[in-house]
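Student: One structure coming up, written as structure tokens, with questions to follow.
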Amino acid sequence: KEVSTMKEFNYTVNDPLGLHARPAGMLAKAAKAYPDTTITITKGAKTIKATQLMMIMGLAVKNGDEVTVKAEGPAEDEAIAAMEKFFQDNL
């Protein structure tokens with residue numbers, strides 16, 4: 001049995017509006033492309049699933065905030081690469 005290692009990266013948001021509605025919606029949609037892999041976003045003490053739009057909005061990520069994104073599951077390598085690219089391209 002393969003042991004899941006879990007992949008993660010830290011990212012400092014540099015969008016003047018922070019993680020607002022439009023990118024949050026796109027992020028949730030991108031995360032849903034990996035249904036068998038759990039993708040989470042952590043800001044401070046709060047961790048949420050990246051597929052839950054309202055929870056993403058609830059994190060209130062502002063410009064300059066650092067978040068930690070983690071992926072765990074069968075497609076974690078692909079998922080974390082996609083998430084990292086998403087953050088770089090959109091936030």
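Identifiers for the structure tokens are assigned positionally: chains receive A, B, ... in sequence, residues are indexed from 1 per chain, and ligands are indexed from 1 in the order shown.
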Please list as JSON, numbers by chain every residue within 10 Å of Leu19 (chain A), counting only C-alpha atoms and excluding residues in the same chain fewer than 3 positions away.
Tutor: {"A": [13, 14, 15, 16, 22, 23, 24, 25, 27, 56, 57, 59, 60, 61, 62, 63, 65, 87, 90, 91]}
Student: At a cut-off of 6 Å, using only C-alpha atoms, what residues contact region 67-69 of chain A? Leave out same-chain residues fewer than 4 positions from it and give the result as a ChimeraX atom specification.
Tutor: /A:8-11,40-43
Student: Next, write the just-selected residues to a file, as a PDB file, in the first residue's frame, keeping N, CA, C and O atoms as the atom set.
Tutor:
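After the write, selection13.pdb holds the following:
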ATOM      1  N   GLU A   8       2.278  20.260  -0.515  1.00  0.00           N
ATOM      2  CA  GLU A   8       1.798  21.570  -0.100  1.00  0.00           C
ATOM      3  C   GLU A   8       2.723  22.671  -0.593  1.00  0.00           C
ATOM      4  O   GLU A   8       3.862  22.419  -0.976  1.00  0.00           O
ATOM      5  N   PHE A   9       2.188  23.879  -0.619  1.00  0.00           N
ATOM      6  CA  PHE A   9       3.003  25.059  -0.898  1.00  0.00           C
ATOM      7  C   PHE A   9       2.405  26.247  -0.169  1.00  0.00           C
ATOM      8  O   PHE A   9       1.224  26.241   0.181  1.00  0.00           O
ATOM      9  N   ASN A  10       3.248  27.243   0.083  1.00  0.00           N
ATOM     10  CA  ASN A  10       2.778  28.495   0.680  1.00  0.00           C
ATOM     11  C   ASN A  10       2.713  29.533  -0.429  1.00  0.00           C
ATOM     12  O   ASN A  10       3.531  29.505  -1.344  1.00  0.00           O
ATOM     13  N   TYR A  11       1.752  30.424  -0.316  1.00  0.00           N
ATOM     14  CA  TYR A  11       1.607  31.449  -1.342  1.00  0.00           C
ATOM     15  C   TYR A  11       1.166  32.754  -0.692  1.00  0.00           C
ATOM     16  O   TYR A  11       0.263  32.758   0.143  1.00  0.00           O
ATOM     17  N   THR A  40      -6.925  21.518   0.444  1.00  0.00           N
ATOM     18  CA  THR A  40      -7.315  22.451   1.499  1.00  0.00           C
ATOM     19  C   THR A  40      -6.497  23.734   1.408  1.00  0.00           C
ATOM     20  O   THR A  40      -5.398  23.744   0.869  1.00  0.00           O
ATOM     21  N   ILE A  41      -7.080  24.800   1.938  1.00  0.00           N
ATOM     22  CA  ILE A  41      -6.402  26.092   2.023  1.00  0.00           C
ATOM     23  C   ILE A  41      -6.413  26.495   3.489  1.00  0.00           C
ATOM     24  O   ILE A  41      -7.458  26.442   4.148  1.00  0.00           O
ATOM     25  N   THR A  42      -5.249  26.900   3.989  1.00  0.00           N
ATOM     26  CA  THR A  42      -5.136  27.312   5.388  1.00  0.00           C
ATOM     27  C   THR A  42      -4.677  28.754   5.450  1.00  0.00           C
ATOM     28  O   THR A  42      -3.727  29.143   4.772  1.00  0.00           O
ATOM     29  N   LYS A  43      -5.385  29.546   6.245  1.00  0.00           N
ATOM     30  CA  LYS A  43      -4.947  30.912   6.552  1.00  0.00           C
ATOM     31  C   LYS A  43      -5.026  31.050   8.062  1.00  0.00           C
ATOM     32  O   LYS A  43      -6.087  30.879   8.657  1.00  0.00           O
TER      33      LYS A  43
END
Student: Quick one: pick out all helix (DSSP H, G or I) residues within region 4-71 of chain A from a backbone DSSP run and write them as an MDAnalysis selection string.
Tutor: chainID A and resid 21:31 53:58
Student: For the selection just defined, write its residues with N, CA and C atoms to a file, as a PDB file, in the first residue's frame.
Tutor:
ATOM      1  N   ALA A  21     -14.508  37.110  -4.973  1.00  0.00           N
ATOM      2  CA  ALA A  21     -15.509  36.173  -5.491  1.00  0.00           C
ATOM      3  C   ALA A  21     -15.121  35.486  -6.798  1.00  0.00           C
ATOM      4  N   ARG A  22     -14.632  36.258  -7.785  1.00  0.00           N
ATOM      5  CA  ARG A  22     -14.359  35.647  -9.088  1.00  0.00           C
ATOM      6  C   ARG A  22     -13.255  34.584  -9.004  1.00  0.00           C
ATOM      7  N   PRO A  23     -12.064  34.919  -8.464  1.00  0.00           N
ATOM      8  CA  PRO A  23     -11.057  33.863  -8.371  1.00  0.00           C
ATOM      9  C   PRO A  23     -11.442  32.744  -7.399  1.00  0.00           C
ATOM     10  N   ALA A  24     -12.217  33.067  -6.378  1.00  0.00           N
ATOM     11  CA  ALA A  24     -12.654  32.028  -5.429  1.00  0.00           C
ATOM     12  C   ALA A  24     -13.532  31.005  -6.150  1.00  0.00           C
ATOM     13  N   GLY A  25     -14.407  31.485  -7.020  1.00  0.00           N
ATOM     14  CA  GLY A  25     -15.270  30.593  -7.801  1.00  0.00           C
ATOM     15  C   GLY A  25     -14.458  29.731  -8.753  1.00  0.00           C
ATOM     16  N   MET A  26     -13.479  30.358  -9.403  1.00  0.00           N
ATOM     17  CA  MET A  26     -12.607  29.627 -10.328  1.00  0.00           C
ATOM     18  C   MET A  26     -11.773  28.598  -9.572  1.00  0.00           C
ATOM     19  N   LEU A  27     -11.332  28.968  -8.374  1.00  0.00           N
ATOM     20  CA  LEU A  27     -10.522  28.077  -7.546  1.00  0.00           C
ATOM     21  C   LEU A  27     -11.327  26.847  -7.134  1.00  0.00           C
ATOM     22  N   ALA A  28     -12.560  27.066  -6.678  1.00  0.00           N
ATOM     23  CA  ALA A  28     -13.420  25.948  -6.264  1.00  0.00           C
ATOM     24  C   ALA A  28     -13.654  25.006  -7.447  1.00  0.00           C
ATOM     25  N   LYS A  29     -13.880  25.593  -8.621  1.00  0.00           N
ATOM     26  CA  LYS A  29     -14.108  24.785  -9.824  1.00  0.00           C
ATOM     27  C   LYS A  29     -12.852  23.986 -10.173  1.00  0.00           C
ATOM     28  N   ALA A  30     -11.684  24.617 -10.082  1.00  0.00           N
ATOM     29  CA  ALA A  30     -10.417  23.940 -10.389  1.00  0.00           C
ATOM     30  C   ALA A  30     -10.168  22.790  -9.403  1.00  0.00           C
ATOM     31  N   ALA A  31     -10.495  23.015  -8.141  1.00  0.00           N
ATOM     32  CA  ALA A  31     -10.290  21.986  -7.111  1.00  0.00           C
ATOM     33  C   ALA A  31     -11.225  20.791  -7.328  1.00  0.00           C
ATOM     34  N   LEU A  53     -16.905  27.084  -2.083  1.00  0.00           N
ATOM     35  CA  LEU A  53     -16.824  28.508  -2.413  1.00  0.00           C
ATOM     36  C   LEU A  53     -17.098  29.421  -1.217  1.00  0.00           C
ATOM     37  N   MET A  54     -18.174  29.175  -0.498  1.00  0.00           N
ATOM     38  CA  MET A  54     -18.529  30.070   0.616  1.00  0.00           C
ATOM     39  C   MET A  54     -17.474  30.016   1.726  1.00  0.00           C
ATOM     40  N   MET A  55     -16.868  28.843   1.899  1.00  0.00           N
ATOM     41  CA  MET A  55     -15.810  28.708   2.905  1.00  0.00           C
ATOM     42  C   MET A  55     -14.557  29.474   2.470  1.00  0.00           C
ATOM     43  N   ILE A  56     -14.262  29.439   1.158  1.00  0.00           N
ATOM     44  CA  ILE A  56     -13.116  30.198   0.641  1.00  0.00           C
ATOM     45  C   ILE A  56     -13.340  31.685   0.923  1.00  0.00           C
ATOM     46  N   MET A  57     -14.541  32.164   0.609  1.00  0.00           N
ATOM     47  CA  MET A  57     -14.880  33.570   0.851  1.00  0.00           C
ATOM     48  C   MET A  57     -14.766  33.887   2.340  1.00  0.00           C
ATOM     49  N   GLY A  58     -15.146  32.924   3.182  1.00  0.00           N
ATOM     50  CA  GLY A  58     -15.115  33.107   4.631  1.00  0.00           C
ATOM     51  C   GLY A  58     -13.705  33.262   5.198  1.00  0.00           C
TER      52      GLY A  58
END
Student: So that I can check the secondary structure, give me every residue of chain A assigned strand (DSSP E) by backbone DSSP, as a PDB file with all heavy atoms, in the first residue's frame.
Tutor:
ATOM      1  N   LYS A   7       1.148  16.852  -0.524  1.00  0.00           N
ATOM      2  CA  LYS A   7       1.941  17.925  -1.122  1.00  0.00           C
ATOM      3  C   LYS A   7       1.394  19.257  -0.632  1.00  0.00           C
ATOM      4  O   LYS A   7       0.198  19.379  -0.389  1.00  0.00           O
ATOM      5  CB  LYS A   7       1.824  17.880  -2.648  1.00  0.00           C
ATOM      6  CG  LYS A   7       2.176  16.534  -3.257  1.00  0.00           C
ATOM      7  CD  LYS A   7       3.655  16.340  -3.308  1.00  0.00           C
ATOM      8  CE  LYS A   7       3.986  15.036  -4.009  1.00  0.00           C
ATOM      9  NZ  LYS A   7       5.151  14.398  -3.528  1.00  0.00           N
ATOM     10  N   GLU A   8       2.278  20.260  -0.515  1.00  0.00           N
ATOM     11  CA  GLU A   8       1.798  21.570  -0.100  1.00  0.00           C
ATOM     12  C   GLU A   8       2.723  22.671  -0.593  1.00  0.00           C
ATOM     13  O   GLU A   8       3.862  22.419  -0.976  1.00  0.00           O
ATOM     14  CB  GLU A   8       1.654  21.657   1.414  1.00  0.00           C
ATOM     15  CG  GLU A   8       2.958  21.609   2.177  1.00  0.00           C
ATOM     16  CD  GLU A   8       2.740  21.818   3.671  1.00  0.00           C
ATOM     17  OE1 GLU A   8       2.378  20.859   4.366  1.00  0.00           O
ATOM     18  OE2 GLU A   8       2.921  22.960   4.126  1.00  0.00           O
ATOM     19  N   PHE A   9       2.188  23.879  -0.619  1.00  0.00           N
ATOM     20  CA  PHE A   9       3.003  25.059  -0.898  1.00  0.00           C
ATOM     21  C   PHE A   9       2.405  26.247  -0.169  1.00  0.00           C
ATOM     22  O   PHE A   9       1.224  26.241   0.181  1.00  0.00           O
ATOM     23  CB  PHE A   9       3.107  25.348  -2.415  1.00  0.00           C
ATOM     24  CG  PHE A   9       1.822  25.756  -3.073  1.00  0.00           C
ATOM     25  CD1 PHE A   9       1.460  27.100  -3.161  1.00  0.00           C
ATOM     26  CD2 PHE A   9       0.964  24.818  -3.615  1.00  0.00           C
ATOM     27  CE1 PHE A   9       0.270  27.485  -3.782  1.00  0.00           C
ATOM     28  CE2 PHE A   9      -0.224  25.192  -4.240  1.00  0.00           C
ATOM     29  CZ  PHE A   9      -0.559  26.532  -4.312  1.00  0.00           C
ATOM     30  N   ASN A  10       3.248  27.243   0.083  1.00  0.00           N
ATOM     31  CA  ASN A  10       2.778  28.495   0.680  1.00  0.00           C
ATOM     32  C   ASN A  10       2.713  29.533  -0.429  1.00  0.00           C
ATOM     33  O   ASN A  10       3.531  29.505  -1.344  1.00  0.00           O
ATOM     34  CB  ASN A  10       3.735  28.980   1.768  1.00  0.00           C
ATOM     35  CG  ASN A  10       3.724  28.054   2.960  1.00  0.00           C
ATOM     36  OD1 ASN A  10       2.714  27.463   3.295  1.00  0.00           O
ATOM     37  ND2 ASN A  10       4.858  27.902   3.602  1.00  0.00           N
ATOM     38  N   TYR A  11       1.752  30.424  -0.316  1.00  0.00           N
ATOM     39  CA  TYR A  11       1.607  31.449  -1.342  1.00  0.00           C
ATOM     40  C   TYR A  11       1.166  32.754  -0.692  1.00  0.00           C
ATOM     41  O   TYR A  11       0.263  32.758   0.143  1.00  0.00           O
ATOM     42  CB  TYR A  11       0.571  31.016  -2.392  1.00  0.00           C
ATOM     43  CG  TYR A  11       0.516  31.959  -3.565  1.00  0.00           C
ATOM     44  CD1 TYR A  11       1.445  31.859  -4.600  1.00  0.00           C
ATOM     45  CD2 TYR A  11      -0.431  32.979  -3.625  1.00  0.00           C
ATOM     46  CE1 TYR A  11       1.423  32.744  -5.667  1.00  0.00           C
ATOM     47  CE2 TYR A  11      -0.459  33.865  -4.690  1.00  0.00           C
ATOM     48  CZ  TYR A  11       0.469  33.737  -5.704  1.00  0.00           C
ATOM     49  OH  TYR A  11       0.450  34.618  -6.757  1.00  0.00           O
ATOM     50  N   THR A  12       1.817  33.851  -1.072  1.00  0.00           N
ATOM     51  CA  THR A  12       1.403  35.163  -0.587  1.00  0.00           C
ATOM     52  C   THR A  12       0.573  35.823  -1.682  1.00  0.00           C
ATOM     53  O   THR A  12       1.044  36.020  -2.805  1.00  0.00           O
ATOM     54  CB  THR A  12       2.626  36.042  -0.246  1.00  0.00           C
ATOM     55  OG1 THR A  12       3.392  35.364   0.758  1.00  0.00           O
ATOM     56  CG2 THR A  12       2.191  37.398   0.293  1.00  0.00           C
ATOM     57  N   THR A  38      -8.163  15.457  -1.700  1.00  0.00           N
ATOM     58  CA  THR A  38      -8.605  16.542  -0.828  1.00  0.00           C
ATOM     59  C   THR A  38      -7.628  17.706  -0.941  1.00  0.00           C
ATOM     60  O   THR A  38      -6.438  17.552  -0.688  1.00  0.00           O
ATOM     61  CB  THR A  38      -8.672  16.064   0.638  1.00  0.00           C
ATOM     62  OG1 THR A  38      -9.548  14.938   0.706  1.00  0.00           O
ATOM     63  CG2 THR A  38      -9.189  17.169   1.552  1.00  0.00           C
ATOM     64  N   ILE A  39      -8.157  18.860  -1.345  1.00  0.00           N
ATOM     65  CA  ILE A  39      -7.342  20.069  -1.450  1.00  0.00           C
ATOM     66  C   ILE A  39      -7.839  21.046  -0.389  1.00  0.00           C
ATOM     67  O   ILE A  39      -9.034  21.337  -0.323  1.00  0.00           O
ATOM     68  CB  ILE A  39      -7.457  20.696  -2.854  1.00  0.00           C
ATOM     69  CG1 ILE A  39      -7.005  19.692  -3.921  1.00  0.00           C
ATOM     70  CG2 ILE A  39      -6.637  21.988  -2.933  1.00  0.00           C
ATOM     71  CD1 ILE A  39      -7.347  20.094  -5.344  1.00  0.00           C
ATOM     72  N   THR A  40      -6.925  21.518   0.444  1.00  0.00           N
ATOM     73  CA  THR A  40      -7.315  22.451   1.499  1.00  0.00           C
ATOM     74  C   THR A  40      -6.497  23.734   1.408  1.00  0.00           C
ATOM     75  O   THR A  40      -5.398  23.744   0.869  1.00  0.00           O
ATOM     76  CB  THR A  40      -7.117  21.844   2.907  1.00  0.00           C
ATOM     77  OG1 THR A  40      -5.741  21.524   3.090  1.00  0.00           O
ATOM     78  CG2 THR A  40      -7.981  20.613   3.123  1.00  0.00           C
ATOM     79  N   ILE A  41      -7.080  24.800   1.938  1.00  0.00           N
ATOM     80  CA  ILE A  41      -6.402  26.092   2.023  1.00  0.00           C
ATOM     81  C   ILE A  41      -6.413  26.495   3.489  1.00  0.00           C
ATOM     82  O   ILE A  41      -7.458  26.442   4.148  1.00  0.00           O
ATOM     83  CB  ILE A  41      -7.131  27.167   1.191  1.00  0.00           C
ATOM     84  CG1 ILE A  41      -7.235  26.721  -0.261  1.00  0.00           C
ATOM     85  CG2 ILE A  41      -6.407  28.513   1.297  1.00  0.00           C
ATOM     86  CD1 ILE A  41      -8.179  27.583  -1.090  1.00  0.00           C
ATOM     87  N   THR A  42      -5.249  26.900   3.989  1.00  0.00           N
ATOM     88  CA  THR A  42      -5.136  27.312   5.388  1.00  0.00           C
ATOM     89  C   THR A  42      -4.677  28.754   5.450  1.00  0.00           C
ATOM     90  O   THR A  42      -3.727  29.143   4.772  1.00  0.00           O
ATOM     91  CB  THR A  42      -4.121  26.421   6.146  1.00  0.00           C
ATOM     92  OG1 THR A  42      -4.534  25.058   6.028  1.00  0.00           O
ATOM     93  CG2 THR A  42      -4.029  26.814   7.609  1.00  0.00           C
ATOM     94  N   LYS A  43      -5.385  29.546   6.245  1.00  0.00           N
ATOM     95  CA  LYS A  43      -4.947  30.912   6.552  1.00  0.00           C
ATOM     96  C   LYS A  43      -5.026  31.050   8.062  1.00  0.00           C
ATOM     97  O   LYS A  43      -6.087  30.879   8.657  1.00  0.00           O
ATOM     98  CB  LYS A  43      -5.865  31.940   5.882  1.00  0.00           C
ATOM     99  CG  LYS A  43      -5.475  33.372   6.243  1.00  0.00           C
ATOM    100  CD  LYS A  43      -6.535  34.354   5.790  1.00  0.00           C
ATOM    101  CE  LYS A  43      -6.407  35.648   6.565  1.00  0.00           C
ATOM    102  NZ  LYS A  43      -7.607  36.444   6.528  1.00  0.00           N
ATOM    103  N   LYS A  46      -7.261  28.708  10.456  1.00  0.00           N
ATOM    104  CA  LYS A  46      -8.451  28.196   9.780  1.00  0.00           C
ATOM    105  C   LYS A  46      -8.081  27.414   8.523  1.00  0.00           C
ATOM    106  O   LYS A  46      -7.357  27.908   7.666  1.00  0.00           O
ATOM    107  CB  LYS A  46      -9.319  29.406   9.399  1.00  0.00           C
ATOM    108  CG  LYS A  46     -10.792  29.154   9.366  1.00  0.00           C
ATOM    109  CD  LYS A  46     -11.521  30.489   9.264  1.00  0.00           C
ATOM    110  CE  LYS A  46     -13.002  30.272   9.020  1.00  0.00           C
ATOM    111  NZ  LYS A  46     -13.676  31.524   8.727  1.00  0.00           N
ATOM    112  N   THR A  47      -8.588  26.192   8.402  1.00  0.00           N
ATOM    113  CA  THR A  47      -8.363  25.374   7.214  1.00  0.00           C
ATOM    114  C   THR A  47      -9.711  24.995   6.615  1.00  0.00           C
ATOM    115  O   THR A  47     -10.616  24.566   7.338  1.00  0.00           O
ATOM    116  CB  THR A  47      -7.579  24.091   7.573  1.00  0.00           C
ATOM    117  OG1 THR A  47      -6.318  24.466   8.110  1.00  0.00           O
ATOM    118  CG2 THR A  47      -7.358  23.213   6.347  1.00  0.00           C
ATOM    119  N   ILE A  48      -9.835  25.164   5.306  1.00  0.00           N
ATOM    120  CA  ILE A  48     -11.095  24.851   4.620  1.00  0.00           C
ATOM    121  C   ILE A  48     -10.800  24.020   3.376  1.00  0.00           C
ATOM    122  O   ILE A  48      -9.679  23.993   2.886  1.00  0.00           O
ATOM    123  CB  ILE A  48     -11.865  26.135   4.245  1.00  0.00           C
ATOM    124  CG1 ILE A  48     -11.014  27.068   3.356  1.00  0.00           C
ATOM    125  CG2 ILE A  48     -12.322  26.884   5.480  1.00  0.00           C
ATOM    126  CD1 ILE A  48     -11.368  27.042   1.900  1.00  0.00           C
ATOM    127  N   LYS A  49     -11.842  23.350   2.873  1.00  0.00           N
ATOM    128  CA  LYS A  49     -11.713  22.610   1.621  1.00  0.00           C
ATOM    129  C   LYS A  49     -11.806  23.582   0.455  1.00  0.00           C
ATOM    130  O   LYS A  49     -12.688  24.445   0.426  1.00  0.00           O
ATOM    131  CB  LYS A  49     -12.810  21.553   1.502  1.00  0.00           C
ATOM    132  CG  LYS A  49     -12.533  20.332   2.341  1.00  0.00           C
ATOM    133  CD  LYS A  49     -13.492  19.220   1.974  1.00  0.00           C
ATOM    134  CE  LYS A  49     -13.103  17.976   2.737  1.00  0.00           C
ATOM    135  NZ  LYS A  49     -14.238  17.116   3.004  1.00  0.00           N
ATOM    136  N   GLU A  66      -0.592  35.324   3.576  1.00  0.00           N
ATOM    137  CA  GLU A  66      -0.011  34.062   3.123  1.00  0.00           C
ATOM    138  C   GLU A  66      -0.970  32.922   3.438  1.00  0.00           C
ATOM    139  O   GLU A  66      -1.545  32.874   4.520  1.00  0.00           O
ATOM    140  CB  GLU A  66       1.337  33.788   3.801  1.00  0.00           C
ATOM    141  CG  GLU A  66       2.003  32.544   3.214  1.00  0.00           C
ATOM    142  CD  GLU A  66       3.354  32.215   3.829  1.00  0.00           C
ATOM    143  OE1 GLU A  66       3.389  31.923   5.043  1.00  0.00           O
ATOM    144  OE2 GLU A  66       4.348  32.262   3.104  1.00  0.00           O
ATOM    145  N   VAL A  67      -1.160  32.057   2.459  1.00  0.00           N
ATOM    146  CA  VAL A  67      -1.988  30.871   2.651  1.00  0.00           C
ATOM    147  C   VAL A  67      -1.134  29.636   2.393  1.00  0.00           C
ATOM    148  O   VAL A  67      -0.123  29.706   1.692  1.00  0.00           O
ATOM    149  CB  VAL A  67      -3.231  30.854   1.719  1.00  0.00           C
ATOM    150  CG1 VAL A  67      -4.187  31.986   2.072  1.00  0.00           C
ATOM    151  CG2 VAL A  67      -2.829  30.917   0.255  1.00  0.00           C
ATOM    152  N   THR A  68      -1.542  28.517   2.963  1.00  0.00           N
ATOM    153  CA  THR A  68      -0.903  27.234   2.692  1.00  0.00           C
ATOM    154  C   THR A  68      -1.920  26.363   1.988  1.00  0.00           C
ATOM    155  O   THR A  68      -3.053  26.211   2.469  1.00  0.00           O
ATOM    156  CB  THR A  68      -0.450  26.545   4.000  1.00  0.00           C
ATOM    157  OG1 THR A  68       0.448  27.426   4.677  1.00  0.00           O
ATOM    158  CG2 THR A  68       0.260  25.227   3.713  1.00  0.00           C
ATOM    159  N   VAL A  69      -1.539  25.837   0.845  1.00  0.00           N
ATOM    160  CA  VAL A  69      -2.426  24.972   0.068  1.00  0.00           C
ATOM    161  C   VAL A  69      -1.867  23.557   0.144  1.00  0.00           C
ATOM    162  O   VAL A  69      -0.673  23.351  -0.051  1.00  0.00           O
ATOM    163  CB  VAL A  69      -2.512  25.443  -1.401  1.00  0.00           C
ATOM    164  CG1 VAL A  69      -3.460  24.559  -2.193  1.00  0.00           C
ATOM    165  CG2 VAL A  69      -2.953  26.902  -1.472  1.00  0.00           C
ATOM    166  N   LYS A  70      -2.739  22.597   0.466  1.00  0.00           N
ATOM    167  CA  LYS A  70      -2.315  21.200   0.586  1.00  0.00           C
ATOM    168  C   LYS A  70      -3.207  20.319  -0.271  1.00  0.00           C
ATOM    169  O   LYS A  70      -4.392  20.600  -0.428  1.00  0.00           O
ATOM    170  CB  LYS A  70      -2.422  20.715   2.043  1.00  0.00           C
ATOM    171  CG  LYS A  70      -1.482  21.426   2.982  1.00  0.00           C
ATOM    172  CD  LYS A  70      -1.580  20.872   4.390  1.00  0.00           C
ATOM    173  CE  LYS A  70      -0.666  21.655   5.317  1.00  0.00           C
ATOM    174  NZ  LYS A  70      -0.821  21.310   6.708  1.00  0.00           N
ATOM    175  N   ALA A  71      -2.608  19.261  -0.810  1.00  0.00           N
ATOM    176  CA  ALA A  71      -3.369  18.266  -1.564  1.00  0.00           C
ATOM    177  C   ALA A  71      -2.984  16.892  -1.047  1.00  0.00           C
ATOM    178  O   ALA A  71      -1.809  16.599  -0.862  1.00  0.00           O
ATOM    179  CB  ALA A  71      -3.075  18.383  -3.050  1.00  0.00           C
ATOM    180  N   GLU A  72      -3.989  16.058  -0.815  1.00  0.00           N
ATOM    181  CA  GLU A  72      -3.743  14.713  -0.328  1.00  0.00           C
ATOM    182  C   GLU A  72      -4.689  13.753  -1.019  1.00  0.00           C
ATOM    183  O   GLU A  72      -5.898  13.955  -1.016  1.00  0.00           O
ATOM    184  CB  GLU A  72      -3.955  14.661   1.195  1.00  0.00           C
ATOM    185  CG  GLU A  72      -3.495  13.362   1.803  1.00  0.00           C
ATOM    186  CD  GLU A  72      -3.434  13.420   3.331  1.00  0.00           C
ATOM    187  OE1 GLU A  72      -3.969  14.373   3.922  1.00  0.00           O
ATOM    188  OE2 GLU A  72      -2.850  12.507   3.908  1.00  0.00           O
TER     189      GLU A  72
END
Student: Please report the interatomic distance between CA of His20 (chain A) and CA of Ala75 (chain A) in Å with one decimal.
Tutor: 26.6 Å
Student: Just how far from CA of Ile80 (chain A) is CA of Gln52 (chain A), in Å to one decimal?
Tutor: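 Between CA of Gln52 (chain A) and CA of Ile80 (chain A) the gap is 16.9 Å.
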Student: To one decimal in Å, tell me the separation between CA of Pro35 (chain A) and CA of Asp89 (chain A).
Tutor: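 Taking CA of Pro35 (chain A) and CA of Asp89 (chain A), their separation equals 22.3 Å.
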Student: With distances taken over only C-alpha atoms, which of A:Gly18, A:Ala33, A:Thr5, A:Thr51 is nearest to Glu78 (chain A)?
Tutor: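 With only C-alpha atoms as the atom set, the closest residue is A:Ala33.
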